[in-house]
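Colleague: Have a peek at work_1.txt (compact mmCIF, C-alpha atoms and all ligand atoms).
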# COMPACT_ATOMS: atom_id res chain seq x y z
CA MET A 17 -9.12 -73.03 113.24
CA GLY A 18 -10.85 -76.37 112.77
CA GLN A 19 -11.43 -77.85 109.35
CA ARG A 20 -14.69 -77.11 107.63
CA ILE A 21 -16.90 -79.59 105.88
CA LEU A 22 -19.90 -78.85 103.69
CA LEU A 23 -22.44 -81.64 103.94
CA VAL A 24 -25.00 -81.94 101.14
CA ASP A 25 -28.09 -84.15 101.37
CA ASP A 26 -31.76 -83.63 100.60
CA THR A 27 -32.88 -85.75 103.58
CA PRO A 28 -32.88 -83.85 106.91
CA THR A 29 -32.46 -86.99 109.06
CA VAL A 30 -29.38 -88.06 107.07
CA ARG A 31 -27.90 -84.56 107.32
CA PHE A 32 -28.50 -84.58 111.05
CA LYS A 33 -26.89 -87.99 111.52
CA TYR A 34 -23.70 -87.09 109.65
CA GLU A 35 -23.54 -83.64 111.15
CA VAL A 36 -23.48 -85.09 114.67
CA LEU A 37 -20.91 -87.71 113.66
CA LEU A 38 -18.56 -85.18 112.04
CA LYS A 39 -18.91 -82.56 114.76
CA ASP A 40 -18.14 -85.17 117.40
CA ALA A 41 -15.00 -85.97 115.43
CA GLY A 42 -13.92 -82.32 115.74
CA PHE A 43 -14.90 -80.85 112.38
CA GLU A 44 -16.85 -77.68 111.71
CA VAL A 45 -19.86 -78.64 109.65
CA ASP A 46 -22.27 -76.64 107.51
CA SER A 47 -25.05 -78.43 105.73
CA ALA A 48 -26.94 -77.75 102.54
CA ASN A 49 -30.35 -79.03 101.55
CA GLY A 50 -29.44 -80.00 98.00
CA ALA A 51 -26.81 -79.17 95.39
CA ARG A 52 -28.08 -75.69 94.51
CA GLN A 53 -27.88 -74.48 98.06
CA ALA A 54 -24.43 -76.07 98.30
CA LEU A 55 -23.24 -74.11 95.26
CA SER A 56 -24.42 -70.85 96.77
CA MET A 57 -22.56 -71.69 99.97
CA LEU A 58 -19.33 -72.36 98.09
CA SER A 59 -18.81 -68.62 97.61
CA PRO A 60 -15.32 -67.11 97.81
CA GLU A 61 -15.87 -65.91 101.41
CA HIS A 62 -16.31 -69.46 102.66
CA ASP A 63 -13.36 -71.68 102.83
CA PHE A 64 -14.39 -75.33 102.97
CA ASP A 65 -11.86 -78.13 103.22
CA LEU A 66 -14.18 -80.90 102.04
CA VAL A 67 -17.59 -81.41 100.45
CA ILE A 68 -19.49 -84.57 101.33
CA THR A 69 -22.46 -85.03 99.06
CA ASP A 70 -25.22 -87.52 98.46
CA LEU A 71 -25.28 -88.80 94.87
CA LYS A 72 -29.00 -89.18 94.27
CA MET A 73 -30.87 -85.95 94.94
CA PRO A 74 -33.88 -84.40 93.17
CA GLU A 75 -33.41 -81.36 90.86
CA MET A 76 -29.63 -81.41 90.85
CA ASP A 77 -27.71 -84.53 91.87
CA GLY A 78 -24.31 -84.96 93.48
CA PHE A 79 -22.69 -85.79 90.16
CA SER A 80 -23.77 -82.43 88.65
CA LEU A 81 -22.53 -80.68 91.79
CA LEU A 82 -19.17 -82.41 91.41
CA LYS A 83 -18.91 -81.29 87.79
CA GLU A 84 -19.78 -77.69 88.70
CA ILE A 85 -17.10 -77.72 91.39
CA ARG A 86 -14.47 -79.13 89.04
CA ASP A 87 -15.37 -76.53 86.39
CA THR A 88 -14.78 -73.67 88.83
CA SER A 89 -11.04 -72.91 88.92
CA ARG A 90 -11.21 -71.51 92.45
CA LEU A 91 -12.66 -74.85 93.65
CA ALA A 92 -10.61 -77.19 91.49
CA MET A 93 -8.57 -78.44 94.47
CA LEU A 94 -11.55 -78.87 96.82
CA PRO A 95 -11.95 -82.55 97.77
CA VAL A 96 -15.38 -84.05 97.12
CA LEU A 97 -16.53 -87.24 98.82
CA MET A 98 -19.53 -88.86 97.12
CA LEU A 99 -21.92 -90.92 99.21
CA THR A 100 -24.27 -93.31 97.49
CA GLY A 101 -26.97 -95.76 98.51
CA SER A 102 -26.55 -98.17 95.63
CA ASP A 103 -23.54 -100.08 94.36
CA ASP A 104 -23.58 -99.15 90.67
CA LYS A 105 -20.33 -99.59 88.70
CA ARG A 106 -21.39 -97.10 86.00
CA ASP A 107 -21.95 -94.36 88.62
CA LEU A 108 -18.57 -95.09 90.18
CA LEU A 109 -16.76 -94.80 86.84
CA ASP A 110 -18.59 -91.59 85.87
CA ASN A 111 -17.70 -90.00 89.20
CA LEU A 112 -14.05 -91.02 88.96
CA ASP A 113 -13.94 -89.57 85.44
CA ALA A 114 -15.39 -86.31 86.72
CA GLY A 115 -12.70 -86.03 89.41
CA VAL A 116 -14.36 -87.29 92.58
CA SER A 117 -11.84 -87.58 95.44
CA ASP A 118 -13.47 -90.55 97.13
CA TYR A 119 -16.63 -92.60 96.59
CA LEU A 120 -18.36 -94.47 99.39
CA LEU A 121 -21.41 -96.61 99.96
CA LYS A 122 -23.56 -95.23 102.76
CA SER A 123 -23.55 -98.73 104.23
CA CYS A 124 -19.76 -98.59 104.79
CA GLY A 125 -20.18 -97.72 108.46
CA GLU A 126 -19.10 -94.74 110.50
CA PRO A 127 -15.47 -95.71 111.25
CA GLU A 128 -14.67 -96.07 107.53
CA LEU A 129 -16.45 -92.83 106.66
CA LEU A 130 -14.50 -90.93 109.32
CA ALA A 131 -11.20 -92.51 108.28
CA ARG A 132 -11.75 -91.45 104.67
CA VAL A 133 -12.81 -87.95 105.71
CA ARG A 134 -9.64 -87.57 107.76
CA ASN A 135 -7.54 -88.68 104.80
CA LEU A 136 -9.13 -86.20 102.43
CA VAL A 137 -8.82 -83.34 104.89
CA ARG A 138 -5.16 -84.18 105.52
CA MET A 139 -4.44 -84.08 101.77
CA LYS A 140 -6.26 -80.76 101.49
CA LYS A 141 -4.12 -79.32 104.26
CA LEU A 142 -0.91 -80.42 102.53
CA GLN A 143 -2.20 -79.05 99.25
CA ASP A 144 -2.94 -75.68 100.90
CA GLU A 145 0.55 -75.59 102.42
CA LEU A 146 2.13 -76.25 99.02
CA THR A 147 0.02 -73.56 97.39
CA ARG A 148 0.95 -71.10 100.09
CA ALA A 149 4.66 -71.93 99.80
CA SER A 150 4.57 -71.44 96.04
CA GLU A 151 3.10 -67.94 96.50
CA THR A 152 5.26 -66.72 99.39
CA ASP A 153 8.76 -65.30 99.54
CA PRO A 154 10.55 -67.39 102.18
CA LEU A 155 12.69 -64.58 103.62
CA THR A 156 10.10 -61.84 104.06
CA GLN A 157 6.88 -63.88 104.00
CA LEU A 158 5.45 -61.39 101.51
CA ALA A 159 3.77 -62.49 98.30
CA ASN A 160 6.46 -63.52 95.82
CA ARG A 161 6.88 -62.22 92.29
CA ARG A 162 5.18 -65.19 90.72
CA PHE A 163 2.03 -64.60 92.78
CA GLY A 164 2.39 -60.85 92.27
CA VAL A 165 2.37 -61.16 88.50
CA GLU A 166 -0.80 -63.25 88.65
CA LEU A 167 -2.48 -60.84 91.02
CA LEU A 168 -1.50 -57.78 89.00
CA ALA A 169 -2.73 -59.42 85.78
CA GLU A 170 -6.12 -60.02 87.44
CA GLU A 171 -6.30 -56.45 88.76
CA ILE A 172 -5.43 -55.08 85.31
CA GLU A 173 -8.21 -57.17 83.80
CA ARG A 174 -10.67 -55.88 86.39
CA ALA A 175 -9.60 -52.25 86.03
CA ARG A 176 -9.99 -52.51 82.24
CA ARG A 177 -13.35 -54.28 82.32
CA TYR A 178 -15.00 -52.07 84.94
CA ASP A 179 -13.09 -48.90 84.11
CA ARG A 180 -11.56 -48.62 87.58
CA ASP A 181 -8.45 -46.84 88.83
CA LEU A 182 -5.38 -48.95 89.50
CA SER A 183 -1.90 -47.86 90.49
CA VAL A 184 1.41 -49.54 91.18
CA VAL A 185 4.47 -48.33 93.07
CA ILE A 186 7.92 -49.89 92.96
CA VAL A 187 9.88 -49.25 96.14
CA ASP A 188 13.62 -49.92 96.23
CA ILE A 189 15.92 -49.69 99.23
CA ASP A 190 18.64 -47.08 98.74
CA HIS A 191 22.29 -48.16 98.73
CA PHE A 192 21.34 -51.54 100.10
CA LYS A 193 24.58 -53.05 98.88
CA LYS A 194 26.35 -50.94 101.52
CA VAL A 195 24.40 -52.67 104.31
CA ASN A 196 25.61 -56.05 103.08
CA ASP A 197 29.13 -54.76 102.57
CA THR A 198 29.47 -53.18 106.00
CA LEU A 199 27.35 -55.43 108.25
CA GLY A 200 27.22 -58.68 106.30
CA HIS A 201 24.58 -60.53 104.35
CA LEU A 202 22.72 -61.77 107.43
CA SER A 203 22.19 -58.22 108.64
CA GLY A 204 21.10 -57.37 105.11
CA ASP A 205 18.49 -60.11 105.42
CA GLU A 206 17.32 -58.70 108.74
CA VAL A 207 16.92 -55.24 107.24
CA LEU A 208 14.96 -56.67 104.32
CA THR A 209 12.68 -58.60 106.67
CA SER A 210 12.05 -55.55 108.87
CA VAL A 211 11.35 -53.24 105.95
CA ALA A 212 9.02 -55.84 104.43
CA ALA A 213 7.15 -56.24 107.72
CA MET A 214 6.78 -52.50 108.06
CA LEU A 215 5.51 -52.09 104.48
CA TYR A 216 3.09 -54.98 104.98
CA SER A 217 1.67 -53.83 108.30
CA ALA A 218 1.16 -50.30 107.03
CA SER A 219 -0.69 -51.33 103.87
CA ARG A 220 -4.47 -51.43 103.58
CA LYS A 221 -6.30 -54.74 103.40
CA SER A 222 -7.27 -54.18 99.77
CA ASP A 223 -3.69 -53.47 98.70
CA CYS A 224 -0.94 -55.95 98.05
CA VAL A 225 2.78 -55.65 98.65
CA ILE A 226 5.00 -58.06 96.79
CA ARG A 227 8.68 -58.86 97.06
CA TRP A 228 9.39 -58.04 93.46
CA GLY A 229 13.15 -58.60 93.44
CA GLY A 230 16.15 -58.54 95.81
CA GLU A 231 15.50 -55.25 97.65
CA GLU A 232 12.56 -54.13 95.53
CA PHE A 233 8.91 -54.22 96.50
CA LEU A 234 5.89 -53.73 94.29
CA PHE A 235 2.70 -52.25 95.70
CA VAL A 236 -0.55 -52.91 93.86
CA PHE A 237 -3.30 -50.41 94.72
CA PRO A 238 -6.70 -51.34 93.25
CA GLU A 239 -9.35 -48.57 92.99
CA THR A 240 -6.63 -45.99 93.64
CA ASP A 241 -5.26 -43.18 91.48
CA SER A 242 -1.59 -42.26 91.35
CA HIS A 243 -1.97 -39.30 93.74
CA LYS A 244 -3.50 -41.43 96.45
CA ALA A 245 -0.99 -44.25 95.85
CA ALA A 246 1.88 -41.79 96.04
CA SER A 247 0.58 -40.28 99.27
CA ILE A 248 0.28 -43.72 100.91
CA VAL A 249 3.83 -44.70 99.95
CA GLU A 250 5.18 -41.24 100.80
CA ARG A 251 4.02 -41.81 104.38
CA LEU A 252 5.95 -45.08 104.48
CA ARG A 253 9.04 -43.44 102.99
CA SER A 254 8.97 -40.70 105.57
CA HIS A 255 8.35 -43.19 108.41
CA LEU A 256 11.40 -45.23 107.38
CA GLU A 257 13.50 -42.09 107.10
CA SER A 258 12.91 -41.31 110.76
CA HIS A 259 12.95 -44.89 112.11
CA PRO A 260 16.27 -46.72 111.70
CA VAL A 261 16.01 -50.51 111.56
CA MET A 262 17.41 -52.69 114.38
CA VAL A 263 19.74 -55.53 113.46
CA SER A 264 21.45 -58.00 115.81
CA ALA A 265 24.98 -57.48 114.41
CA ASN A 266 27.56 -56.26 116.96
CA GLY A 267 25.14 -57.08 119.77
CA GLY A 268 22.42 -54.81 118.37
CA THR A 269 22.91 -51.93 115.98
CA THR A 270 20.54 -49.59 114.23
CA VAL A 271 20.81 -49.04 110.49
CA PRO A 272 19.41 -45.96 108.78
CA VAL A 273 17.32 -47.10 105.82
CA THR A 274 15.77 -44.98 103.10
CA VAL A 275 13.78 -46.01 100.06
CA SER A 276 12.98 -44.54 96.68
CA GLY A 277 9.78 -45.18 94.78
CA GLY A 278 8.28 -44.98 91.31
CA VAL A 279 4.53 -44.54 90.85
CA ALA A 280 2.44 -45.29 87.75
CA GLN A 281 -1.29 -45.36 87.13
CA PHE A 282 -2.89 -47.86 84.79
CA SER A 283 -4.57 -46.60 81.64
CA PRO A 284 -6.83 -48.87 79.59
CA ASN A 285 -4.37 -49.76 76.84
CA ASP A 286 -1.48 -50.65 79.14
CA THR A 287 -0.12 -54.15 79.42
CA LEU A 288 1.33 -55.36 82.70
CA GLU A 289 4.84 -54.94 81.30
CA ILE A 290 4.18 -51.35 80.22
CA LEU A 291 2.67 -50.40 83.57
CA VAL A 292 5.57 -51.87 85.56
CA ASP A 293 8.09 -50.35 83.17
CA ARG A 294 6.62 -46.88 83.77
CA ALA A 295 6.89 -47.32 87.52
CA ASP A 296 10.49 -48.44 86.91
CA GLN A 297 11.25 -45.33 84.86
CA ALA A 298 9.86 -43.18 87.65
CA LEU A 299 11.96 -45.10 90.20
CA TYR A 300 15.05 -44.56 88.08
CA GLN A 301 14.42 -40.80 88.15
CA ALA A 302 13.86 -40.88 91.91
CA LYS A 303 17.27 -42.53 92.28
CA ALA A 304 18.95 -40.19 89.82
CA SER A 305 17.64 -37.09 91.54
CA GLY A 306 19.08 -38.02 94.92
CA ARG A 307 17.16 -41.07 96.34
CA ASN A 308 14.89 -41.11 99.43
CA ARG A 309 12.00 -39.71 97.35
CA LEU A 310 9.17 -40.70 95.03
CA ARG A 311 8.55 -39.87 91.40
CA THR A 312 5.43 -40.44 89.29
CA TRP A 313 5.15 -41.34 85.63
CA VAL A 314 2.38 -39.22 84.02
CA GLY A 315 1.67 -38.94 80.31
CA GLY A 316 5.20 -39.68 79.13
CA GLN A 317 6.89 -37.57 81.78
CA VAL A 318 8.26 -38.27 85.22
CA VAL A 319 7.30 -35.71 87.81
CA PRO A 320 7.91 -35.16 91.55
CA VAL A 321 5.20 -36.38 93.92
P1 LIG B 401 20.39 -48.18 94.77
O1 LIG B 401 20.19 -47.11 95.75
O2 LIG B 401 20.81 -47.69 93.45
O3 LIG B 401 19.20 -49.08 94.68
O4 LIG B 401 21.61 -49.06 95.33
P2 LIG B 401 21.59 -50.52 95.89
O5 LIG B 401 22.90 -50.81 96.49
O6 LIG B 401 20.40 -50.72 96.77
O7 LIG B 401 21.31 -51.36 94.58
P3 LIG B 401 22.09 -52.52 93.86
O8 LIG B 401 21.15 -53.02 92.81
O9 LIG B 401 23.44 -52.07 93.42
O10 LIG B 401 22.31 -53.63 94.96
C1 LIG B 401 21.27 -54.35 95.49
C2 LIG B 401 21.84 -55.27 96.52
O11 LIG B 401 20.83 -56.01 97.17
C3 LIG B 401 22.81 -56.27 95.94
C4 LIG B 401 22.33 -57.59 96.48
O12 LIG B 401 23.37 -58.38 96.96
C5 LIG B 401 21.40 -57.22 97.59
N1 LIG B 401 20.37 -58.23 97.82
C6 LIG B 401 19.43 -58.66 96.96
N2 LIG B 401 18.68 -59.62 97.53
C7 LIG B 401 19.15 -59.80 98.79
C8 LIG B 401 18.79 -60.67 99.89
O13 LIG B 401 17.86 -61.47 99.83
N3 LIG B 401 19.52 -60.56 101.04
C9 LIG B 401 20.55 -59.67 101.14
N4 LIG B 401 21.20 -59.62 102.30
N5 LIG B 401 20.93 -58.87 100.13
C10 LIG B 401 20.23 -58.93 98.98
MG MG B 402 18.48 -50.53 95.91
MG MG B 403 17.22 -52.77 93.16
Turn this file's structure into structure tokens for me.
Ligand code: GH3
Ligand code: MG
Ligand code: MG
Modeller:
Amino acid sequence: MGQRILLVDDTPTVRFKYEVLLKDAGFEVDSANGARQALSMLSPEHDFDLVITDLKMPEMDGFSLLKEIRDTSRLAMLPVLMLTGSDDKRDLLDNLDAGVSDYLLKSCGEPELLARVRNLVRMKKLQDELTRASETDPLTQLANRRFGVELLAEEIERARRYDRDLSVVIVDIDHFKKVNDTLGHLSGDEVLTSVAAMLYSASRKSDCVIRWGGEEFLFVFPETDSHKAASIVERLRSHLESHPVMVSANGGTTVPVTVSGGVAQFSPNDTLEILVDRADQALYQAKASGRNRLRTWVGGQVVPV
């Protein structure tokens, strides 16, 4: 997908001129008639790579827009290029203080504007790649534990504030050490990758599956009670039970893989640690009672699903 620029100016002819220039250079461009409209367009559904804004605008100027953007954590990394008609040192210093990414006189000419735009967009792309890498487990491409903890903390906050259901399930591959011991670590990696891909592709868009540890995965199910969560993961357990995983060892071998799981539902006084610990206790019982099954933590007891 092309890179998206939000262009903000209160003068239609200026917007038109820059829109044509930027589109010809290969960018996707949306424009806003002023800072307020720009703010409403910077909603979480839209993913802009750069904001180019006029400094002097009636009602709300580019400087106030910049400050709003920098005060919004979700937008903190969004590059902002300020365009101004007048060469005022005070304005320049204020904008730099407020975190502007680049600051240009409108008289700079089109080649310089485009060169600076390309630079900012390139930096944004690198920044996005770094962010993604810091949130992703390199082997399975699932969300990593660090991202998972952040996500679960947010979901717990939301469930508490709006009194919503929230459940977690820890899934652990059974006797995984045996796979490594008999087929080697590389085959172990292949099994992990396949199981992760299967868990990911079978999960709903609203749910998250995290590589929680070596051969452990944590499902986060917002707006879902423990019965529903258990039934979703039970389907995955039973699918795995009847579908051995292919690995390339010995010219192609199938490996039977089963998983055990522990389910816990959030209640309003739980911390993240307590919630995960309950799922862990349930998992422990699932292992102890024979593996290849799920258990749920409910009111201080662990019960079969
Ligand atoms: P249980 O049914 O009790 O869970 O038995 P288990 O063998 O699965 O559990 P255990 O905790 O004894 O061993 C987990 C193994 O997972 C040991 C470790 O070497 C392996 N493992 C963890 N991370 C990776 C990985 O990234 N790649 C591979 N190949 N193995 C891994
Ligand atoms: Mg295991
Ligand atoms: Mg384990």
Colleague: For a quick check of understanding, using all atoms listed in the file, which of A:Lys33, A:Lys83, A:Arg176, A:Arg148 has the smallest distance to Leu288 (chain A)?
Modeller: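 The answer is A:Arg176, which sits nearest to Leu288 (chain A).
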Colleague: Taking into account all atoms listed in the file, which residue in the set A:Val187, A:Met73, A:Ile290, A:Leu146 is nearest to Leu99 (chain A)?
Modeller: A:Met73
Colleague: Do you know which residues are within 9 Å of ligand MG 402 (chain B) using only C-alpha atoms and all ligand atoms? Can you write them as a compact mmCIF listing (two decimals) with C-alpha atoms, keeping the file's coordinate frame?
Modeller:
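Written out: selection_7.txt:
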# COMPACT_ATOMS: atom_id res chain seq x y z
CA VAL A 187 9.88 -49.25 96.14
CA ASP A 188 13.62 -49.92 96.23
CA ILE A 189 15.92 -49.69 99.23
CA ASP A 190 18.64 -47.08 98.74
CA HIS A 191 22.29 -48.16 98.73
CA PHE A 192 21.34 -51.54 100.10
CA LYS A 193 24.58 -53.05 98.88
CA GLY A 230 16.15 -58.54 95.81
CA GLU A 231 15.50 -55.25 97.65
CA GLU A 232 12.56 -54.13 95.53
CA VAL A 275 13.78 -46.01 100.06
CA SER A 276 12.98 -44.54 96.68
CA LYS A 303 17.27 -42.53 92.28
Colleague: Return the single residue from A:Leu299, A:Ala213, A:Val184, A:Leu82 that is closest to ligand MG 403 (chain B), with distances computed using all atoms listed in the file.
Modeller: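 For ligand MG 403 (chain B), the nearest of the candidates is A:Leu299.
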Colleague: Name the closest residue to Phe163 (chain A) among the candidates A:Ala131, A:Trp228, A:Arg31, A:Arg20; distances are taken between atoms, counting all atoms listed in the file.
Modeller: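 Looking at the shortest contact to Phe163 (chain A), the residue is A:Trp228.
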Colleague: Closest to Arg132 (chain A) among A:Gly164, A:Pro95, A:Gly267, A:Gly315, using all atoms listed in the file?
Modeller: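 Among the listed residues, A:Pro95 lies closest to Arg132 (chain A).
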Colleague: Determine, counting only C-alpha atoms, which protein, DNA and RNA residues have an atom within 10 Å of an atom of Ser258 (chain A); residues of the same chain fewer than 5 positions away are not included. Present the result as a PDB file with C-alpha atoms, keeping the file's coordinate frame.
Modeller:
ATOM      1  CA  ARG A 253       9.040 -43.440 102.990  1.00  0.00           C
ATOM      2  CA  PRO A 272      19.410 -45.960 108.780  1.00  0.00           C
ATOM      3  CA  VAL A 273      17.320 -47.100 105.820  1.00  0.00           C
ATOM      4  CA  THR A 274      15.770 -44.980 103.100  1.00  0.00           C
TER       5      THR A 274
END
Colleague: Expressed in Å to a single decimal, how great is the separation between CA of Asn196 (chain A) and atom N4 of ligand LIG 401 (chain B)?
Modeller: 5.7 Å
Colleague: Distance CA of Val236 (chain A)-CA of Asp144 (chain A), one decimal place?
Modeller: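 Rounded to one decimal, the two atoms are 24.0 Å apart.
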Colleague: Looking at all atoms listed in the file, which of A:Glu151, A:Asp205, A:Asp110, A:Asp104 is the one that sits closest to ligand LIG 401 (chain B)?
Modeller: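 Among the listed residues, the smallest separation from ligand LIG 401 (chain B) belongs to A:Asp205.
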Colleague: Just the number, please: distance in Å from CA of Arg251 (chain A) to CA of Val165 (chain A), one decimal.
Modeller: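 If I compute the distance from CA of Arg251 (chain A) to CA of Val165 (chain A), I get 25.1 Å.
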Colleague: Restore N, CA and C atoms in region 74-88 of chain A and list the result as a compact mmCIF listing (two decimals), in the frame of the given file.
Modeller:
# COMPACT_ATOMS: atom_id res chain seq x y z
N PRO A 74 -32.98 -84.95 94.19
CA PRO A 74 -33.88 -84.40 93.17
C PRO A 74 -33.32 -83.07 92.63
N GLU A 75 -33.83 -82.60 91.53
CA GLU A 75 -33.41 -81.36 90.86
C GLU A 75 -31.98 -81.46 90.35
N MET A 76 -31.02 -81.36 91.27
CA MET A 76 -29.63 -81.41 90.85
C MET A 76 -28.94 -82.47 91.70
N ASP A 77 -28.30 -83.45 91.07
CA ASP A 77 -27.71 -84.53 91.87
C ASP A 77 -26.25 -84.25 92.23
N GLY A 78 -25.68 -85.15 93.01
CA GLY A 78 -24.31 -84.96 93.48
C GLY A 78 -23.30 -84.95 92.35
N PHE A 79 -23.59 -85.72 91.31
CA PHE A 79 -22.69 -85.79 90.16
C PHE A 79 -22.60 -84.42 89.46
N SER A 80 -23.77 -83.77 89.27
CA SER A 80 -23.77 -82.43 88.65
C SER A 80 -23.05 -81.42 89.54
N LEU A 81 -23.23 -81.56 90.85
CA LEU A 81 -22.53 -80.68 91.79
C LEU A 81 -21.03 -80.85 91.64
N LEU A 82 -20.59 -82.12 91.58
CA LEU A 82 -19.17 -82.41 91.41
C LEU A 82 -18.64 -81.75 90.14
N LYS A 83 -19.39 -81.88 89.05
CA LYS A 83 -18.91 -81.29 87.79
C LYS A 83 -18.82 -79.77 87.87
N GLU A 84 -19.82 -79.15 88.51
CA GLU A 84 -19.78 -77.69 88.70
C GLU A 84 -18.53 -77.29 89.48
N ILE A 85 -18.26 -78.04 90.54
CA ILE A 85 -17.10 -77.72 91.39
C ILE A 85 -15.81 -77.85 90.57
N ARG A 86 -15.70 -78.92 89.82
CA ARG A 86 -14.47 -79.13 89.04
C ARG A 86 -14.32 -78.12 87.90
N ASP A 87 -15.43 -77.54 87.46
CA ASP A 87 -15.37 -76.53 86.39
C ASP A 87 -15.07 -75.13 86.92
N THR A 88 -15.04 -74.98 88.24
CA THR A 88 -14.78 -73.67 88.83
C THR A 88 -13.31 -73.65 89.29
